[in-house]
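*Asks:* Got a file for you: work-v2.cif, mmCIF, C-alpha atoms.
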```
data_coords
#
loop_
_atom_site.group_PDB
_atom_site.id
_atom_site.type_symbol
_atom_site.label_atom_id
_atom_site.label_comp_id
_atom_site.auth_asym_id
_atom_site.auth_seq_id
_atom_site.Cartn_x
_atom_site.Cartn_y
_atom_site.Cartn_z
ATOM 1 C CA MET A 226 0.000 0.000 0.000
ATOM 2 C CA ALA A 227 1.067 3.564 -0.503
ATOM 3 C CA HIS A 228 -0.129 6.252 1.854
ATOM 4 C CA ILE A 229 1.681 9.323 3.130
ATOM 5 C CA HIS A 230 1.954 8.717 6.869
ATOM 6 C CA LEU A 231 2.829 12.240 7.889
ATOM 7 C CA GLU A 232 1.069 14.641 10.197
ATOM 8 C CA ASP A 233 -0.677 17.891 9.267
ATOM 9 C CA GLY A 234 1.886 20.639 8.788
ATOM 10 C CA SER A 235 4.342 18.375 6.981
ATOM 11 C CA PHE A 236 3.499 19.988 3.628
ATOM 12 C CA THR A 237 3.347 23.752 3.194
ATOM 13 C CA LEU A 238 -0.133 25.288 2.818
ATOM 14 C CA PHE A 239 0.581 25.907 -0.870
ATOM 15 C CA TRP A 240 1.117 22.196 -1.600
ATOM 16 C CA VAL A 241 -1.802 21.140 0.587
ATOM 17 C CA VAL A 242 -4.048 23.391 -1.524
ATOM 18 C CA VAL A 243 -2.488 22.204 -4.811
ATOM 19 C CA TRP A 244 -2.989 18.483 -4.056
ATOM 20 C CA TRP A 245 -6.491 19.077 -2.691
ATOM 21 C CA ALA A 246 -7.398 21.076 -5.832
ATOM 22 C CA ILE A 247 -6.138 18.322 -8.165
ATOM 23 C CA ALA A 248 -7.945 15.694 -6.075
ATOM 24 C CA LEU A 249 -11.202 17.678 -6.302
ATOM 25 C CA VAL A 250 -10.824 17.884 -10.087
ATOM 26 C CA VAL A 251 -10.384 14.082 -10.187
ATOM 27 C CA ILE A 252 -13.467 13.574 -7.998
ATOM 28 C CA CYS A 253 -15.512 15.970 -10.177
ATOM 29 C CA ALA A 254 -14.408 14.055 -13.299
ATOM 30 C CA ALA A 255 -15.464 10.779 -11.653
ATOM 31 C CA LEU A 256 -18.819 12.338 -10.719
ATOM 32 C CA ILE A 257 -19.410 13.500 -14.303
ATOM 33 C CA TRP A 258 -18.435 10.032 -15.587
ATOM 34 C CA VAL A 259 -20.881 8.292 -13.236
ATOM 35 C CA ARG A 260 -23.685 10.767 -14.039
ATOM 36 C CA SER A 261 -23.135 10.342 -17.769
ATOM 37 C CA ALA A 262 -23.801 6.611 -17.506
ATOM 38 C CA LYS A 263 -27.353 5.816 -18.638
ATOM 39 C CA LYS A 264 -28.107 3.638 -15.638
ATOM 40 C CA THR A 265 -26.060 2.954 -12.540
ATOM 41 C CA ASP A 266 -25.717 -0.746 -11.769
ATOM 42 C CA ASN A 267 -27.307 -1.450 -8.367
ATOM 43 C CA ARG A 268 -24.839 -4.295 -7.821
ATOM 44 C CA LYS A 269 -21.979 -1.818 -8.055
ATOM 45 C CA ILE A 270 -23.520 0.465 -5.425
ATOM 46 C CA THR A 271 -23.869 -2.434 -2.990
ATOM 47 C CA LEU A 272 -20.383 -3.679 -3.846
ATOM 48 C CA ALA A 273 -19.038 -0.140 -3.246
ATOM 49 C CA ALA A 274 -20.539 -0.168 0.281
ATOM 50 C CA PHE A 275 -18.945 -3.557 1.002
ATOM 51 C CA CYS A 276 -15.593 -2.431 -0.412
ATOM 52 C CA ALA A 277 -15.647 0.768 1.667
ATOM 53 C CA ALA A 278 -16.387 -1.177 4.865
ATOM 54 C CA ALA A 279 -13.794 -3.884 4.218
ATOM 55 C CA ALA A 280 -11.062 -1.515 3.047
ATOM 56 C CA PHE A 281 -11.603 0.913 5.950
ATOM 57 C CA ALA A 282 -11.641 -1.920 8.502
ATOM 58 C CA ILE A 283 -8.432 -3.514 7.186
ATOM 59 C CA PHE A 284 -6.671 -0.184 6.550
ATOM 60 C CA GLN A 285 -6.639 0.712 10.264
ATOM 61 C CA VAL A 286 -5.170 -2.601 11.412
ATOM 62 C CA SER A 287 -1.408 -2.593 11.924
ATOM 63 C CA ILE A 288 -0.011 -6.011 10.969
ATOM 64 C CA PRO A 289 3.118 -7.224 12.819
ATOM 65 C CA LEU A 290 5.231 -7.664 9.693
ATOM 66 C CA PHE A 291 8.376 -5.671 8.824
ATOM 67 C CA GLY A 292 7.846 -3.869 12.151
ATOM 68 C CA GLY A 293 4.232 -2.848 11.487
ATOM 69 C CA VAL A 294 2.462 -2.378 8.153
ATOM 70 C CA HIS A 295 -1.105 -2.321 6.875
ATOM 71 C CA LEU A 296 -3.055 -3.279 3.775
ATOM 72 C CA ASN A 297 -5.556 -1.011 2.017
ATOM 73 C CA LEU A 298 -7.210 -3.078 -0.742
ATOM 74 C CA THR A 299 -7.206 -0.215 -3.276
ATOM 75 C CA PRO A 300 -6.352 -2.554 -6.211
ATOM 76 C CA LEU A 301 -9.315 -4.758 -5.296
ATOM 77 C CA ILE A 302 -11.545 -1.667 -5.251
ATOM 78 C CA GLY A 303 -10.263 -0.722 -8.710
ATOM 79 C CA ILE A 304 -10.831 -4.192 -10.173
ATOM 80 C CA LEU A 305 -14.317 -4.584 -8.684
ATOM 81 C CA LEU A 306 -15.692 -1.048 -9.033
ATOM 82 C CA GLY A 307 -13.686 0.686 -11.742
ATOM 83 C CA PRO A 308 -11.993 4.094 -11.548
ATOM 84 C CA ALA A 309 -15.099 6.300 -11.170
ATOM 85 C CA ILE A 310 -16.962 4.653 -8.279
ATOM 86 C CA GLY A 311 -13.606 3.462 -6.894
ATOM 87 C CA SER A 312 -12.522 7.110 -6.525
ATOM 88 C CA PHE A 313 -15.545 7.874 -4.327
ATOM 89 C CA VAL A 314 -14.848 4.862 -2.130
ATOM 90 C CA ILE A 315 -11.217 5.966 -1.783
ATOM 91 C CA LEU A 316 -12.333 9.479 -0.814
ATOM 92 C CA ILE A 317 -14.636 8.113 1.903
ATOM 93 C CA ILE A 318 -11.908 5.819 3.289
ATOM 94 C CA ASN A 319 -9.365 8.648 3.373
ATOM 95 C CA ILE A 320 -11.764 11.012 5.167
ATOM 96 C CA LEU A 321 -12.736 8.374 7.753
ATOM 97 C CA SER A 322 -9.066 7.444 8.238
ATOM 98 C CA ALA A 323 -8.126 11.086 8.828
ATOM 99 C CA ALA A 324 -10.918 11.240 11.422
ATOM 100 C CA LEU A 325 -9.116 8.435 13.258
ATOM 101 C CA GLY A 326 -5.775 10.224 13.000
ATOM 102 C CA HIS A 327 -4.455 7.882 10.303
ATOM 103 C CA GLY A 328 -2.934 10.498 7.979
ATOM 104 C CA GLY A 329 -3.517 14.238 8.296
ATOM 105 C CA TRP A 330 -6.569 16.119 6.984
ATOM 106 C CA GLY A 331 -4.333 18.285 4.840
ATOM 107 C CA LEU A 332 -2.786 15.210 3.235
ATOM 108 C CA ILE A 333 -6.110 13.720 2.083
ATOM 109 C CA GLY A 334 -5.699 15.387 -1.330
ATOM 110 C CA ALA A 335 -2.237 13.888 -1.893
ATOM 111 C CA ASN A 336 -3.236 10.488 -0.491
ATOM 112 C CA LEU A 337 -6.383 10.469 -2.630
ATOM 113 C CA LEU A 338 -4.316 11.033 -5.774
ATOM 114 C CA ILE A 339 -1.948 8.186 -4.851
ATOM 115 C CA ASN A 340 -4.860 5.822 -4.184
ATOM 116 C CA VAL A 341 -6.714 6.865 -7.346
ATOM 117 C CA ILE A 342 -3.583 6.015 -9.358
ATOM 118 C CA GLU A 343 -3.603 2.568 -7.691
ATOM 119 C CA VAL A 344 -7.297 2.105 -8.525
ATOM 120 C CA VAL A 345 -6.868 3.155 -12.167
ATOM 121 C CA VAL A 346 -3.731 1.025 -12.739
ATOM 122 C CA ALA A 347 -5.306 -2.081 -11.142
ATOM 123 C CA TYR A 348 -8.466 -1.679 -13.237
ATOM 124 C CA THR A 349 -6.503 -1.112 -16.469
ATOM 125 C CA VAL A 350 -3.932 -3.905 -15.982
ATOM 126 C CA PHE A 351 -6.598 -6.433 -14.915
ATOM 127 C CA ARG A 352 -8.579 -5.760 -18.096
ATOM 128 C CA ALA A 353 -5.570 -5.433 -20.394
ATOM 129 C CA LEU A 354 -4.120 -8.807 -19.366
ATOM 130 C CA LYS A 355 -7.347 -10.733 -19.938
ATOM 131 C CA LYS A 356 -6.249 -12.205 -23.296
ATOM 132 C CA ILE A 357 -2.694 -13.013 -22.209
ATOM 133 C CA LEU A 358 -3.576 -14.297 -18.717
ATOM 134 C CA PRO A 359 -7.191 -15.497 -18.622
ATOM 135 C CA GLY A 360 -6.852 -16.932 -15.097
ATOM 136 C CA ALA A 361 -8.220 -14.515 -12.512
ATOM 137 C CA PHE A 362 -5.825 -15.270 -9.638
ATOM 138 C CA ALA A 363 -2.552 -14.529 -11.433
ATOM 139 C CA ARG A 364 -4.080 -11.624 -13.341
ATOM 140 C CA GLY A 365 -5.506 -10.074 -10.174
ATOM 141 C CA GLY A 366 -2.201 -10.562 -8.357
ATOM 142 C CA ILE A 367 -0.128 -9.014 -11.143
ATOM 143 C CA ALA A 368 -2.588 -6.104 -11.457
ATOM 144 C CA THR A 369 -2.254 -5.538 -7.688
ATOM 145 C CA LEU A 370 1.552 -5.536 -7.775
ATOM 146 C CA ALA A 371 1.596 -3.156 -10.764
ATOM 147 C CA SER A 372 -0.932 -0.880 -9.097
ATOM 148 C CA LEU A 373 0.916 -0.689 -5.773
ATOM 149 C CA PHE A 374 4.234 -0.146 -7.548
ATOM 150 C CA CYS A 375 2.738 2.854 -9.362
ATOM 151 C CA GLY A 376 1.165 4.066 -6.109
ATOM 152 C CA ASN A 377 4.557 3.989 -4.399
ATOM 153 C CA LEU A 378 6.145 5.872 -7.308
ATOM 154 C CA ALA A 379 3.395 8.498 -7.073
ATOM 155 C CA MET A 380 3.978 8.794 -3.324
ATOM 156 C CA ILE A 381 7.709 9.406 -3.822
ATOM 157 C CA VAL A 382 7.086 11.973 -6.575
ATOM 158 C CA ILE A 383 4.471 13.864 -4.528
ATOM 159 C CA ILE A 384 6.712 14.038 -1.448
ATOM 160 C CA LEU A 385 9.765 15.114 -3.453
ATOM 161 C CA ILE A 386 7.805 17.801 -5.321
ATOM 162 C CA SER A 387 6.127 19.136 -2.166
ATOM 163 C CA GLY A 388 9.106 18.869 0.173
ATOM 164 C CA VAL A 389 8.543 18.280 3.875
ATOM 165 C CA GLN A 390 8.762 21.107 6.407
ATOM 166 C CA GLY A 391 11.428 20.683 9.057
ATOM 167 C CA VAL A 392 13.495 18.233 7.026
ATOM 168 C CA THR A 393 17.197 18.952 6.738
ATOM 169 C CA GLN A 394 18.009 16.119 4.314
ATOM 170 C CA SER A 395 18.804 16.820 0.674
ATOM 171 C CA THR A 396 16.456 15.664 -2.093
ATOM 172 C CA SER A 397 18.775 12.776 -3.016
ATOM 173 C CA GLN A 398 18.898 11.593 0.627
ATOM 174 C CA MET A 399 15.098 11.753 0.780
ATOM 175 C CA LEU A 400 14.904 9.825 -2.483
ATOM 176 C CA VAL A 401 17.093 7.040 -1.076
ATOM 177 C CA GLY A 402 15.019 6.861 2.138
ATOM 178 C CA LEU A 403 11.711 6.857 0.270
ATOM 179 C CA THR A 404 12.961 4.210 -2.184
ATOM 180 C CA LEU A 405 13.762 1.901 0.738
ATOM 181 C CA LEU A 406 10.328 2.642 2.209
ATOM 182 C CA ALA A 407 8.697 1.807 -1.137
ATOM 183 C CA GLY A 408 10.757 -1.398 -1.302
ATOM 184 C CA VAL A 409 9.396 -2.556 2.053
ATOM 185 C CA ASN A 410 5.894 -1.516 0.938
ATOM 186 C CA MET A 411 6.273 -3.794 -2.091
ATOM 187 C CA GLY A 412 6.923 -6.692 0.296
ATOM 188 C CA VAL A 413 3.507 -6.018 1.802
ATOM 189 C CA ALA A 414 2.124 -5.720 -1.728
ATOM 190 C CA ILE A 415 2.828 -9.451 -2.210
ATOM 191 C CA ILE A 416 0.381 -10.277 0.609
ATOM 192 C CA GLU A 417 -2.136 -7.862 -0.874
ATOM 193 C CA ALA A 418 -1.655 -9.447 -4.331
ATOM 194 C CA VAL A 419 -2.396 -12.928 -2.987
ATOM 195 C CA ILE A 420 -5.454 -11.690 -1.036
ATOM 196 C CA THR A 421 -6.771 -9.783 -4.070
ATOM 197 C CA GLY A 422 -6.220 -12.801 -6.354
ATOM 198 C CA MET A 423 -8.096 -15.059 -3.928
ATOM 199 C CA ILE A 424 -11.034 -12.663 -3.526
ATOM 200 C CA ILE A 425 -11.340 -12.098 -7.289
ATOM 201 C CA THR A 426 -11.226 -15.853 -7.960
ATOM 202 C CA TYR A 427 -13.876 -16.471 -5.282
ATOM 203 C CA ILE A 428 -16.174 -13.759 -6.671
ATOM 204 C CA ILE A 429 -15.793 -15.078 -10.230
ATOM 205 C CA ARG A 430 -16.683 -18.593 -9.046
ATOM 206 C CA MET A 431 -19.644 -17.580 -6.900
ATOM 207 C CA ARG A 432 -21.037 -14.469 -8.587
ATOM 208 C CA PRO A 433 -19.433 -13.849 -11.998
ATOM 209 C CA ASP A 434 -22.147 -11.280 -12.755
ATOM 210 C CA MET A 435 -20.645 -9.005 -10.072
ATOM 211 C CA LEU A 436 -17.465 -8.482 -12.087
ATOM 212 C CA GLU A 437 -18.125 -6.387 -15.179
ATOM 213 C CA SER A 438 -14.990 -7.480 -17.063
ATOM 214 C CA GLU A 439 -15.760 -11.192 -16.579
ATOM 215 C CA ARG A 440 -19.375 -11.160 -17.716
ATOM 216 C CA PRO A 441 -19.958 -13.351 -20.786
ATOM 217 C CA MET B 68 -16.942 -18.947 -17.644
ATOM 218 C CA ILE B 69 -14.752 -19.704 -14.629
ATOM 219 C CA SER B 70 -11.167 -18.750 -15.378
ATOM 220 C CA ILE B 71 -8.581 -20.856 -13.564
ATOM 221 C CA SER B 72 -4.930 -19.812 -13.673
ATOM 222 C CA THR B 73 -2.798 -22.206 -15.750
ATOM 223 C CA GLY B 74 0.745 -23.433 -15.051
ATOM 224 C CA LYS B 75 2.220 -20.741 -17.301
ATOM 225 C CA GLU B 76 0.325 -18.027 -15.445
ATOM 226 C CA TRP B 77 1.429 -19.382 -12.067
ATOM 227 C CA THR B 78 5.041 -19.379 -13.281
ATOM 228 C CA ILE B 79 4.831 -15.734 -14.385
ATOM 229 C CA PHE B 80 3.168 -14.706 -11.116
ATOM 230 C CA ALA B 81 5.679 -16.669 -9.009
ATOM 231 C CA GLY B 82 8.570 -15.121 -10.941
ATOM 232 C CA ILE B 83 7.304 -11.589 -10.318
ATOM 233 C CA ILE B 84 6.739 -12.392 -6.632
ATOM 234 C CA ALA B 85 10.290 -13.764 -6.335
ATOM 235 C CA ILE B 86 11.792 -10.583 -7.809
ATOM 236 C CA VAL B 87 9.635 -8.312 -5.625
ATOM 237 C CA SER B 88 10.436 -10.421 -2.516
ATOM 238 C CA ILE B 89 14.190 -10.088 -3.060
ATOM 239 C CA ALA B 90 13.883 -6.312 -3.510
ATOM 240 C CA ALA B 91 11.629 -5.973 -0.448
ATOM 241 C CA LEU B 92 13.903 -8.087 1.784
ATOM 242 C CA ALA B 93 16.940 -6.083 0.659
ATOM 243 C CA ALA B 94 15.126 -2.818 1.461
ATOM 244 C CA PHE B 95 14.063 -4.227 4.835
ATOM 245 C CA GLN B 96 17.621 -5.367 5.671
ATOM 246 C CA ILE B 97 18.988 -1.911 4.896
ATOM 247 C CA SER B 98 16.280 0.102 6.671
ATOM 248 C CA GLY B 99 15.688 -2.226 9.667
ATOM 249 C CA THR B 100 12.630 -3.103 11.764
ATOM 250 C CA MET B 101 10.302 -0.198 12.561
ATOM 251 C CA GLY B 102 6.644 0.785 12.390
ATOM 252 C CA ILE B 103 5.254 2.497 9.302
ATOM 253 C CA GLU B 104 5.179 5.991 10.849
ATOM 254 C CA ASP B 105 8.728 5.564 12.176
ATOM 255 C CA ARG B 106 9.798 4.244 8.781
ATOM 256 C CA PHE B 107 8.429 7.408 7.171
ATOM 257 C CA GLN B 108 10.147 9.687 9.659
ATOM 258 C CA ASN B 109 13.389 7.764 9.259
ATOM 259 C CA ALA B 110 13.183 7.967 5.450
ATOM 260 C CA LEU B 111 12.756 11.736 5.598
ATOM 261 C CA GLY B 112 15.133 12.322 8.492
ATOM 262 C CA ILE B 113 12.459 13.650 10.834
ATOM 263 C CA SER B 114 12.923 13.060 14.533
ATOM 264 C CA GLY B 115 9.739 12.413 16.464
ATOM 265 C CA GLU B 116 7.692 9.998 18.508
ATOM 266 C CA GLY B 117 4.684 9.974 16.168
ATOM 267 C CA GLY B 118 2.984 6.667 15.534
ATOM 268 C CA LYS B 119 4.653 4.726 18.311
ATOM 269 C CA GLU B 120 2.347 2.205 19.941
ATOM 270 C CA PRO B 121 2.633 1.707 23.690
ATOM 271 C CA GLU B 122 4.253 -1.562 24.780
ATOM 272 C CA GLY B 123 1.844 -4.487 24.950
ATOM 273 C CA SER B 124 -0.905 -2.779 22.949
ATOM 274 C CA GLY B 125 -2.960 -4.748 20.425
ATOM 275 C CA PHE B 126 -3.539 -8.477 20.109
ATOM 276 C CA LEU B 127 -0.761 -10.823 18.946
ATOM 277 C CA GLY B 128 1.024 -7.804 17.489
ATOM 278 C CA PHE B 129 -2.062 -6.622 15.579
ATOM 279 C CA SER B 130 -3.255 -3.198 16.690
ATOM 280 C CA ILE B 131 -5.735 -0.524 15.637
ATOM 281 C CA VAL B 132 -4.514 2.881 14.478
ATOM 282 C CA GLY B 133 -6.277 5.677 16.406
ATOM 283 C CA GLN B 134 -9.197 5.429 18.849
ATOM 284 C CA PRO B 135 -10.504 1.814 18.963
ATOM 285 C CA LEU B 136 -13.975 2.972 20.059
ATOM 286 C CA LEU B 137 -14.299 5.407 17.155
ATOM 287 C CA TYR B 138 -12.973 2.697 14.817
ATOM 288 C CA ALA B 139 -15.595 0.230 16.055
ATOM 289 C CA GLY B 140 -18.321 2.880 15.676
ATOM 290 C CA ILE B 141 -17.370 3.698 12.083
ATOM 291 C CA VAL B 142 -17.071 0.010 11.109
ATOM 292 C CA CYS B 143 -20.519 -0.674 12.638
ATOM 293 C CA GLY B 144 -21.967 2.285 10.691
ATOM 294 C CA LEU B 145 -20.464 0.994 7.447
ATOM 295 C CA LEU B 146 -21.755 -2.527 8.103
ATOM 296 C CA ILE B 147 -25.275 -1.170 8.662
ATOM 297 C CA LEU B 148 -24.932 0.730 5.377
ATOM 298 C CA CYS B 149 -23.873 -2.504 3.625
ATOM 299 C CA TYR B 150 -26.832 -4.404 5.065
ATOM 300 C CA ARG B 151 -29.287 -1.679 4.004
ATOM 301 C CA ALA B 152 -27.812 -1.500 0.483
ATOM 302 C CA TYR B 153 -27.901 -5.302 0.190
ATOM 303 C CA ARG B 154 -31.558 -5.455 1.274
ATOM 304 C CA HIS B 155 -32.623 -2.396 -0.744
ATOM 305 C CA PHE B 156 -31.106 -3.447 -4.059
ATOM 306 C CA ARG B 157 -31.748 -7.199 -3.532
ATOM 307 C CA ILE B 158 -28.619 -8.210 -5.445
#
```
Step by step, read the file and then write its structure as structure tokens.
*Replies:*
Amino acid sequence: MAHIHLEDGSFTLFWVVVWWAIALVVICAALIWVRSAKKTDNRKITLAAFCAAAAFAIFQVSIPLFGGVHLNLTPLIGILLGPAIGSFVILIINILSAALGHGGWGLIGANLLINVIEVVVAYTVFRALKKILPGAFARGGIATLASLFCGNLAMIVIILISGVQGVTQSTSQMLVGLTLLAGVNMGVAIIEAVITGMIITYIIRMRPDMLESERP
Amino acid sequence: MISISTGKEWTIFAGIIAIVSIAALAAFQISGTMGIEDRFQNALGISGEGGKEPEGSGFLGFSIVGQPLLYAGIVCGLLILCYRAYRHFRI
């Protein structure tokens, strides 16, 4: 998972506003996309509620691995719901997480962008690989790894562009530190890839109609 | 149609996992054992106590970030929402 675990005040007000503004544009685009659809699938609305509950619940649990990490299920959200509805679910999870003190309020914009990138990449890779890898488990797992890799890259780029207040390290030192952090995050991504692959396979076996890309 | 992963697909997936595992273990060996908040502060060179869990908190090493009561309240609210959506849309 990729999520900026810094407190409010880490980014300057300028960058907080910039990331929030871009995030709002993304949310507005998702809203227009959903509204332009002729009919919203009721199954997707219910699935969105389940995804929000599951992702929020698992996101707040610190797992005793590598000293303490957590999952966030954003690739699963992307594969099941698509980029538009997935973006709303991500927004809700980020707001509720900030309410618990998991990430600052000012960082919701930046974190939302990182998570939206994960959602979009997972959705795209899962669909794009359908002809090459028809099996859902491997395809879901690879889509998850690709998505979380891109999310980690986005996290590094956002932090390096924004800079962090009170940090005395040079940009290259920060880049080295953040690369190591992303490397450890990718270790956790393996667990998330296996979980996502299992859930996708289970859904396809039990309710294939729930997954748009797998409908005959 | 139920799509089961074939041997070729498993091989590709296992190969990617092996590469990612090696990279992750190398990164972990270099950076050391620490919580996610501490790992962030260490990566950026920030000194602070943020994110440290008190000794003995959680269950079998698993712990909740933030107020457990608020967490339970929000999860309950979301579960009620799920139940209502499930009943309303009859999927």
*Asks:* Name the residues that the PyMOL selection byres ((chain B) within 7 of (chain A)) picks from the file above, as a PyMOL selection string, using the file's chain letters and numbers.
*Replies:* chain B and resi 69-73+76-77+80+84+87-88+90-91+94-95+98+100-104+106-107+110-113+128-134+142+145-146+148-149+152-153+156+158
*Asks:* Please indicate the distance in Å from atom CA of Glu343 of chain A to atom CA of Gly376 of chain A, rounded to one decimal place.
*Replies:*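 According to the coordinates, atom CA of Glu343 of chain A and atom CA of Gly376 of chain A are separated by 5.2 Å.
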*Asks:* Atom CA of Pro135 of chain B and atom CA of Ala280 of chain A are how many Å apart?
*Replies:* 16.3 Å
*Asks:* At what distance in Å, to one decimal, does atom CA of Ala227 of chain A lie from atom CA of Val346 of chain A?
*Replies:*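 These two atoms are separated by 13.4 Å.
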*Asks:* List the neighbours of Ala246 of chain A out to 12 Å using only C-alpha atoms; skip same-chain residues closer than 3 positions along the sequence, and give me the result as number ranges by chain.
*Replies:* A: 239-243, 249-253, 331-335, 337-338
*Asks:* Counting only C-alpha atoms, figure out which residue out of A:Ile310, A:Ile425, A:Leu238, A:Ile339 gets nearest to Asn377 of chain A.
*Replies:*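 For Asn377 of chain A, the nearest of the given residues is A:Ile339.
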*Asks:* Go ahead and fit an axis-aligned box to every listed atom of segment 250-265 of chain A plus 6 Å each side, and pass me the centre and edge lengths in Å, one decimal, as JSON.
*Replies:*
```
{"center_x": -19.2, "center_y": 10.4, "center_z": -13.3, "size_x": 29.7, "size_y": 26.9, "size_z": 22.6}
```
*Asks:* Would you mind completing segment 416-429 of chain A so that it carries N, CA and C atoms, and writing it out as a CSV table (one decimal), in the coordinates of the input?
*Replies:*
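Output below, filename result-v1.csv:
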```csv
chain,number,residue,atom,x,y,z
A,416,ILE,N,1.5,-9.8,-0.2
A,416,ILE,CA,0.4,-10.3,0.6
A,416,ILE,C,-0.9,-9.8,0.0
A,417,GLU,N,-0.9,-8.5,-0.3
A,417,GLU,CA,-2.1,-7.9,-0.9
A,417,GLU,C,-2.5,-8.5,-2.2
A,418,ALA,N,-1.4,-8.8,-3.0
A,418,ALA,CA,-1.7,-9.4,-4.3
A,418,ALA,C,-2.3,-10.8,-4.2
A,419,VAL,N,-1.8,-11.6,-3.2
A,419,VAL,CA,-2.4,-12.9,-3.0
A,419,VAL,C,-3.8,-12.8,-2.5
A,420,ILE,N,-4.1,-11.9,-1.6
A,420,ILE,CA,-5.5,-11.7,-1.0
A,420,ILE,C,-6.4,-11.3,-2.2
A,421,THR,N,-5.9,-10.3,-3.0
A,421,THR,CA,-6.8,-9.8,-4.1
A,421,THR,C,-7.1,-10.9,-5.1
A,422,GLY,N,-6.0,-11.7,-5.4
A,422,GLY,CA,-6.2,-12.8,-6.4
A,422,GLY,C,-7.2,-13.8,-5.8
A,423,MET,N,-7.2,-14.1,-4.5
A,423,MET,CA,-8.1,-15.1,-3.9
A,423,MET,C,-9.5,-14.5,-3.9
A,424,ILE,N,-9.7,-13.2,-3.6
A,424,ILE,CA,-11.0,-12.7,-3.5
A,424,ILE,C,-11.6,-12.6,-4.9
A,425,ILE,N,-10.8,-12.2,-5.9
A,425,ILE,CA,-11.3,-12.1,-7.3
A,425,ILE,C,-11.8,-13.5,-7.8
A,426,THR,N,-10.9,-14.5,-7.5
A,426,THR,CA,-11.2,-15.9,-8.0
A,426,THR,C,-12.5,-16.3,-7.3
A,427,TYR,N,-12.7,-16.1,-6.0
A,427,TYR,CA,-13.9,-16.5,-5.3
A,427,TYR,C,-15.1,-15.8,-5.9
A,428,ILE,N,-15.0,-14.5,-6.1
A,428,ILE,CA,-16.2,-13.8,-6.7
A,428,ILE,C,-16.5,-14.3,-8.1
A,429,ILE,N,-15.5,-14.6,-8.9
A,429,ILE,CA,-15.8,-15.1,-10.2
A,429,ILE,C,-16.5,-16.5,-10.2
```
